[in-house]
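Before any comments, here is the structure.
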Amino acid sequence: MADMNSSEELSHTISVLVENRSGVLARISGLFSARGYNIDSLSVGVTDDPQISRMTIVVKGSHRVLEQVEKQLNKLIDVIKVSDYQDTPHIERDLMLVKVAADKSNRSELVQICDIFRAKIVDVAVDSIIVEMTGDDEKIEAFLKMVRPFGVKESCRTGIVAMARGSKGIVAPETERNLS
Amino acid sequence: MNELTGAQILVESLIRENVKHVFGIPGGQALPLFDALYGAKLKLVLTRHEQGAAHMADGYARSTGLVGVCIATSGPGATNLVTGLATAYMDSIPVVAITGQVATHLIGNDAFQEADATGVMRPVTKHNYMVKDVKDLARVVKEAFHIARTGRPGPVHIDIPVDVQKGKTEFIWPEKVYIRSYNPKTTGHPKQIQRAVELINSAERPLLYVGGGAILSGASEVVRQLSERAQIPFVHTLMANGVLPFDHPNYVGILGMHGKYSANTAMQNCDVLISCGARFDDRVTGNLATFSQQSKKIHIDIDPANISKTVQVDIPIVGDLKEVLKSVLLDVKPTKHAAWRKQIQEWEDKYPFAIKPGSATLQPQFFLQELHRITKGEAIVVTGVGQHQMWAMQWYQCRTPRSFLTSGGLGTMGYGFPAAVGAKFANPDRLVVCIDGDGSFQMTMTELATAVHEGIRVVIVVFNNYSLGMVRQWQELFYKERYSASDLLAMPGRPNANGKDSKLEYIPDFMKLAEAYGVKGIRINKNEQVEGALKEALASSASVLIEAMIAPAEKVFPMVPAGAGLDDIIVDMA
Ligand SMILES: Cc1ncc(C[n+]2csc(CCOP(=O)(O)OP(=O)(O)O)c2C)c(N)n1
């Protein structure tokens, strides 16, 4: 077990299953701001069950703060399940759209970089292209570093989504029955 | 099919939930609700301010354990409830608050009297709802009451747009509540309980630290059994006044910032600390670095988030205190702990709470001691926030739980009087005494009209020190006597706020105020007058306002200065 009293800053990826109702996102972001927790990223979307949404939150803090985050989330009535992926092998993905300046003279060089990173070109204009790029944080940062010299006009990211490796998953109590 | 309107469904649902009193004020977006309440089989109490309604619901709930209910219109009605709900939230009090809202098609249009009530309430409630379909209403009310009273209790808010109040559907009262994500744990983990028992059995200097959770859980009897079985002394927090009778042989007393020397010193010297429904609040622990360093700690709490939030404990047990202690009791061995108890008694004898003799001015401590003597500690005492609250805590130890009502968590001035009125509605046969400060009372004294109108009898005691006394005390002790905005009246050597010398002796004259509301007023300024005033007030069948004039320089001691450790307790000024 980690040292509870250590003030070392950690970054954890947490998956949260919530009821897909209005106000839930506000409740969760309100909890984070009210208690002064630092979110690095938060992404939310509906799951295969339309009544349930899944949030992935990357949060920074000491061990004690992270333990509180999990407990406080669990206290919210609309929160069905909270899983911290810290000690679980898992996959993290982030999707970025980035518009990069490129014209005749340097477009092919840019396309080459995209190939190497397995990034997809989804739009081409006379003086720019839009690239779709998926990966973890590290890969996205590395790609950005390469294309910055071309001139990044705008970019946006979904934030991390995460899933544990293997067959074990995070499921709501009701669907658990259906699965087994 | 027999259809009811949303408003009728709400009232039917309240009746199914056994609600007997509802406190509130009507308004445009709540008219259908109030129409349905008209002539219904429950008592609707019109308050004079929605904050009063929320505090009354709170006082009603605290004094009984039932869910208190308040109701208001949209916009300003809803925002006026906020302080009351935040107060209930911080002290885990079950309240259901109902507000009207503008019609669903107008929401978001800055309609007249529109406020984002669910948005405003979210951080100060345990849960909240906006009902957009009348078919959901009965289920939502059932869920709201369930959530308010179970687990760690708290306020729940229901916002009902006016068109939903008017919409019609069949009334179906759900048999059961099913919320898949809400299943509060009540029984403790058996292994943790076993470890706790072993630790308790091995203790030499055990101490029970009892908080408001013990009252909410109804755990007085099991706490008593544990304390008696192993002869474990107990200290308690502000919120647990009355959890066990003050004359119990193992009673040590109140701890914390203005607690007893003996209680704080016992906390610092115990070897096993058993925390029962308490949350290691900073007003209790003082500086954490020096807090109870020698003890192994057992922490029993219904709320997992309270565990290891501020103090690292050795054996956390999540569950309902009453259930957990029942299990713990099965294996706790009878013990005596004679030396430890003797030691605590010596600390008690060294610095008991004491009243300085020969005072020329009326001493609030003396007043409270007299009140305690005359009422045998059996009244329901409700307080505002400030010095008077701390004096009441020190000098009015209650005989039974749910008898000391005070805003501990939020510290809301103005809580006292309306909460006392709410408590009296719930306990018509008990004496209810409101101990207030002149500052706190002025925040909600408008509810005098409600009390008089409803024929509610509360003995109101206002300790008048012409100042925001607790603020003044801190300014005297820690801000070089710079009394910034703490005088409520011109003081000798300090002119009125308007710069001119004032001839006014009182702002306001509480005797005239009492008269204006048709309440008997008694003003006293000497210890010798206390008994007579109390006897007169207690003999009266209507509300009485006693104004006890006290010295502005009167201070609350002992005191652990903010940020200091419990060992640094200042027993009195030299
Ligand atoms: C609503 C609110 N505003 C401000 C405060 C800060 N405060 C704490 S005690 C106090 C003074 C209370 O004065 P009074 O009610 O006269 O009681 P006393 O301390 O004189 O007994 C103040 C202003 C508070 N607790 N609540």
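Just remember, in the structure tokens the first chain shown is A, the second B, etc., residues are 1-based per chain, and ligands are 1-based in the order shown.
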request  = Excluding stretch 270-286 of chain B and residues on its chain fewer than 6 positions from it, collect all residues at most 6 Å away from it, counting only C-alpha atoms, and give them as a VMD selection string.
outcome  = chain B and resid 203 205 to 211 213 to 214 256 to 257 294 to 301 563 to 566
task = Do a neighbour search on B:Ala449 at 9 Å with only C-alpha atoms, toss out local chain neighbours closer than 4 positions, and write the hits as a count of residues only.
result = 6
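With only C-alpha atoms as the atoms that count, the residue of B:Lys135, B:Lys41, B:Lys526, B:Lys309 with the shortest distance to chain A is B:Lys309.
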request  = Name the residues, by chain letter and number, that sit within 10 Å of ligand 1 using only C-alpha atoms and all ligand atoms, and give them as a PyMOL selection string.
outcome  = chain B and resi 83+364+383-392+407-408+410-416+435-443+462-474+485-488+550-556
inquiry  = Which residues are near A:Asp78? Cut-off 10 Å, only C-alpha atoms, ignore same chain within fewer than 4 positions. Put them as an MDAnalysis selection string.
reply    = (chainID A and resid 17:21 23:25 27:28 52 73:74) or (chainID B and resid 127 179:182)
Resulting file, chosen residues, N, CA, C and O atoms, as a PDB file, in the first residue's frame:
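Okay, selection-v7.pdb is ready:
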ATOM      1  N   LEU A  17     -18.830   5.138 -13.890  1.00  0.00           N
ATOM      2  CA  LEU A  17     -20.114   4.877 -14.536  1.00  0.00           C
ATOM      3  C   LEU A  17     -21.174   5.704 -13.821  1.00  0.00           C
ATOM      4  O   LEU A  17     -21.249   5.685 -12.598  1.00  0.00           O
ATOM      5  N   VAL A  18     -21.960   6.439 -14.595  1.00  0.00           N
ATOM      6  CA  VAL A  18     -22.984   7.295 -13.985  1.00  0.00           C
ATOM      7  C   VAL A  18     -24.311   7.099 -14.698  1.00  0.00           C
ATOM      8  O   VAL A  18     -24.356   6.654 -15.848  1.00  0.00           O
ATOM      9  N   GLU A  19     -25.384   7.442 -13.996  1.00  0.00           N
ATOM     10  CA  GLU A  19     -26.694   7.449 -14.639  1.00  0.00           C
ATOM     11  C   GLU A  19     -26.679   8.532 -15.720  1.00  0.00           C
ATOM     12  O   GLU A  19     -26.205   9.642 -15.488  1.00  0.00           O
ATOM     13  N   ASN A  20     -27.203   8.202 -16.876  1.00  0.00           N
ATOM     14  CA  ASN A  20     -27.231   9.175 -17.970  1.00  0.00           C
ATOM     15  C   ASN A  20     -28.411  10.122 -17.778  1.00  0.00           C
ATOM     16  O   ASN A  20     -29.457   9.964 -18.397  1.00  0.00           O
ATOM     17  N   ARG A  21     -28.238  11.097 -16.848  1.00  0.00           N
ATOM     18  CA  ARG A  21     -29.314  12.041 -16.539  1.00  0.00           C
ATOM     19  C   ARG A  21     -28.781  13.451 -16.604  1.00  0.00           C
ATOM     20  O   ARG A  21     -27.588  13.671 -16.433  1.00  0.00           O
ATOM     21  N   GLY A  23     -27.741  16.977 -15.394  1.00  0.00           N
ATOM     22  CA  GLY A  23     -27.228  17.436 -14.102  1.00  0.00           C
ATOM     23  C   GLY A  23     -26.078  16.610 -13.550  1.00  0.00           C
ATOM     24  O   GLY A  23     -25.401  17.042 -12.635  1.00  0.00           O
ATOM     25  N   VAL A  24     -25.855  15.425 -14.113  1.00  0.00           N
ATOM     26  CA  VAL A  24     -24.826  14.565 -13.535  1.00  0.00           C
ATOM     27  C   VAL A  24     -23.432  15.144 -13.772  1.00  0.00           C
ATOM     28  O   VAL A  24     -22.591  15.184 -12.865  1.00  0.00           O
ATOM     29  N   LEU A  25     -23.204  15.628 -14.976  1.00  0.00           N
ATOM     30  CA  LEU A  25     -21.898  16.201 -15.286  1.00  0.00           C
ATOM     31  C   LEU A  25     -21.640  17.412 -14.387  1.00  0.00           C
ATOM     32  O   LEU A  25     -20.539  17.576 -13.836  1.00  0.00           O
ATOM     33  N   ARG A  27     -22.866  17.926 -11.469  1.00  0.00           N
ATOM     34  CA  ARG A  27     -22.636  17.453 -10.117  1.00  0.00           C
ATOM     35  C   ARG A  27     -21.175  17.026  -9.942  1.00  0.00           C
ATOM     36  O   ARG A  27     -20.534  17.327  -8.941  1.00  0.00           O
ATOM     37  N   ILE A  28     -20.664  16.330 -10.935  1.00  0.00           N
ATOM     38  CA  ILE A  28     -19.296  15.827 -10.808  1.00  0.00           C
ATOM     39  C   ILE A  28     -18.281  16.955 -10.953  1.00  0.00           C
ATOM     40  O   ILE A  28     -17.357  17.084 -10.146  1.00  0.00           O
ATOM     41  N   ILE A  52     -26.705   4.602 -19.210  1.00  0.00           N
ATOM     42  CA  ILE A  52     -25.470   4.778 -18.445  1.00  0.00           C
ATOM     43  C   ILE A  52     -24.432   5.525 -19.269  1.00  0.00           C
ATOM     44  O   ILE A  52     -24.201   5.199 -20.430  1.00  0.00           O
ATOM     45  N   LEU A  73     -16.739  10.717  -5.011  1.00  0.00           N
ATOM     46  CA  LEU A  73     -17.494  10.347  -6.218  1.00  0.00           C
ATOM     47  C   LEU A  73     -18.520   9.274  -5.863  1.00  0.00           C
ATOM     48  O   LEU A  73     -19.677   9.341  -6.268  1.00  0.00           O
ATOM     49  N   ASN A  74     -18.083   8.289  -5.103  1.00  0.00           N
ATOM     50  CA  ASN A  74     -18.981   7.200  -4.728  1.00  0.00           C
ATOM     51  C   ASN A  74     -20.189   7.688  -3.928  1.00  0.00           C
ATOM     52  O   ASN A  74     -21.229   7.043  -3.925  1.00  0.00           O
TER      53      ASN A  74
ATOM     54  N   HIS B 127     -28.785  15.395  -2.393  1.00  0.00           N
ATOM     55  CA  HIS B 127     -29.201  15.080  -3.759  1.00  0.00           C
ATOM     56  C   HIS B 127     -30.286  16.057  -4.154  1.00  0.00           C
ATOM     57  O   HIS B 127     -30.919  16.658  -3.288  1.00  0.00           O
ATOM     58  N   ILE B 179     -32.766   2.313  -5.989  1.00  0.00           N
ATOM     59  CA  ILE B 179     -31.773   3.178  -6.624  1.00  0.00           C
ATOM     60  C   ILE B 179     -30.498   2.347  -6.711  1.00  0.00           C
ATOM     61  O   ILE B 179     -29.869   2.062  -5.700  1.00  0.00           O
ATOM     62  N   ARG B 180     -30.143   1.917  -7.900  1.00  0.00           N
ATOM     63  CA  ARG B 180     -29.077   0.912  -8.003  1.00  0.00           C
ATOM     64  C   ARG B 180     -27.734   1.400  -7.481  1.00  0.00           C
ATOM     65  O   ARG B 180     -26.895   0.622  -7.072  1.00  0.00           O
ATOM     66  N   SER B 181     -27.559   2.719  -7.523  1.00  0.00           N
ATOM     67  CA  SER B 181     -26.251   3.242  -7.140  1.00  0.00           C
ATOM     68  C   SER B 181     -26.239   3.735  -5.698  1.00  0.00           C
ATOM     69  O   SER B 181     -25.296   4.391  -5.279  1.00  0.00           O
ATOM     70  N   TYR B 182     -27.272   3.474  -4.938  1.00  0.00           N
ATOM     71  CA  TYR B 182     -27.333   3.983  -3.571  1.00  0.00           C
ATOM     72  C   TYR B 182     -27.736   2.877  -2.613  1.00  0.00           C
ATOM     73  O   TYR B 182     -28.910   2.522  -2.499  1.00  0.00           O
TER      74      TYR B 182
END
key: Contact set, chain A to chain B: 6 Å, only C-alpha atoms, as a ChimeraX atom specification   = /A:71,77,80
message = What's around B:Ser543 at 6 Å? Count only C-alpha atoms, leave out sequence neighbours fewer than 2 positions away in its own chain, and write the answer as an NGL selection string.
response = :B and (457-459)
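Interatomic distance, atom CA of A:Met146 to atom CA of A:Phe117: 10.1 Å.
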query = Can you list, as a ChimeraX atom specification, every protein, DNA or RNA residue that comes within 9 Å of A:Ile91 when you count only C-alpha atoms, leaving out same-chain residues fewer than 4 positions away?
reply = /A:136,161-165
task = Name the residues in contact with A:Thr56 at a cut-off of 10 Å, using only C-alpha atoms, excluding same-chain residues fewer than 6 positions from it; report them as a list in words.
result = Thr13, Ile14, Ser15, Val16, Leu17, Ser41, Leu42, Ser43, Val44, Gly45, Val82, Ser83, Asp84, Glu92, Gly159, Ile160, Val161, Ala162 and Met163 of chain A
task = Could you find all residues in stretch 367-425 of chain B that DSSP calls strand (DSSP E or B) from the backbone, and write them as an NGL selection string?
result = :B and (380-383 or 404-405)
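Of the residues under consideration (B:Gly319, B:Gly493, B:Pro32, B:Pro26), B:Gly319 shows the shortest atom-to-atom contact distance to B:Thr187 when counting only C-alpha atoms.
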message = Can you pull out the residues contacting stretch 66-82 of chain B? Cut-off 6 Å, using only C-alpha atoms, and skip same-chain residues under 2 positions away; I want them as a PyMOL selection string.
response = chain B and resi 22-27+29-30+50-51+53-54+57-58+60-61+64+84-85+94-101+113-115
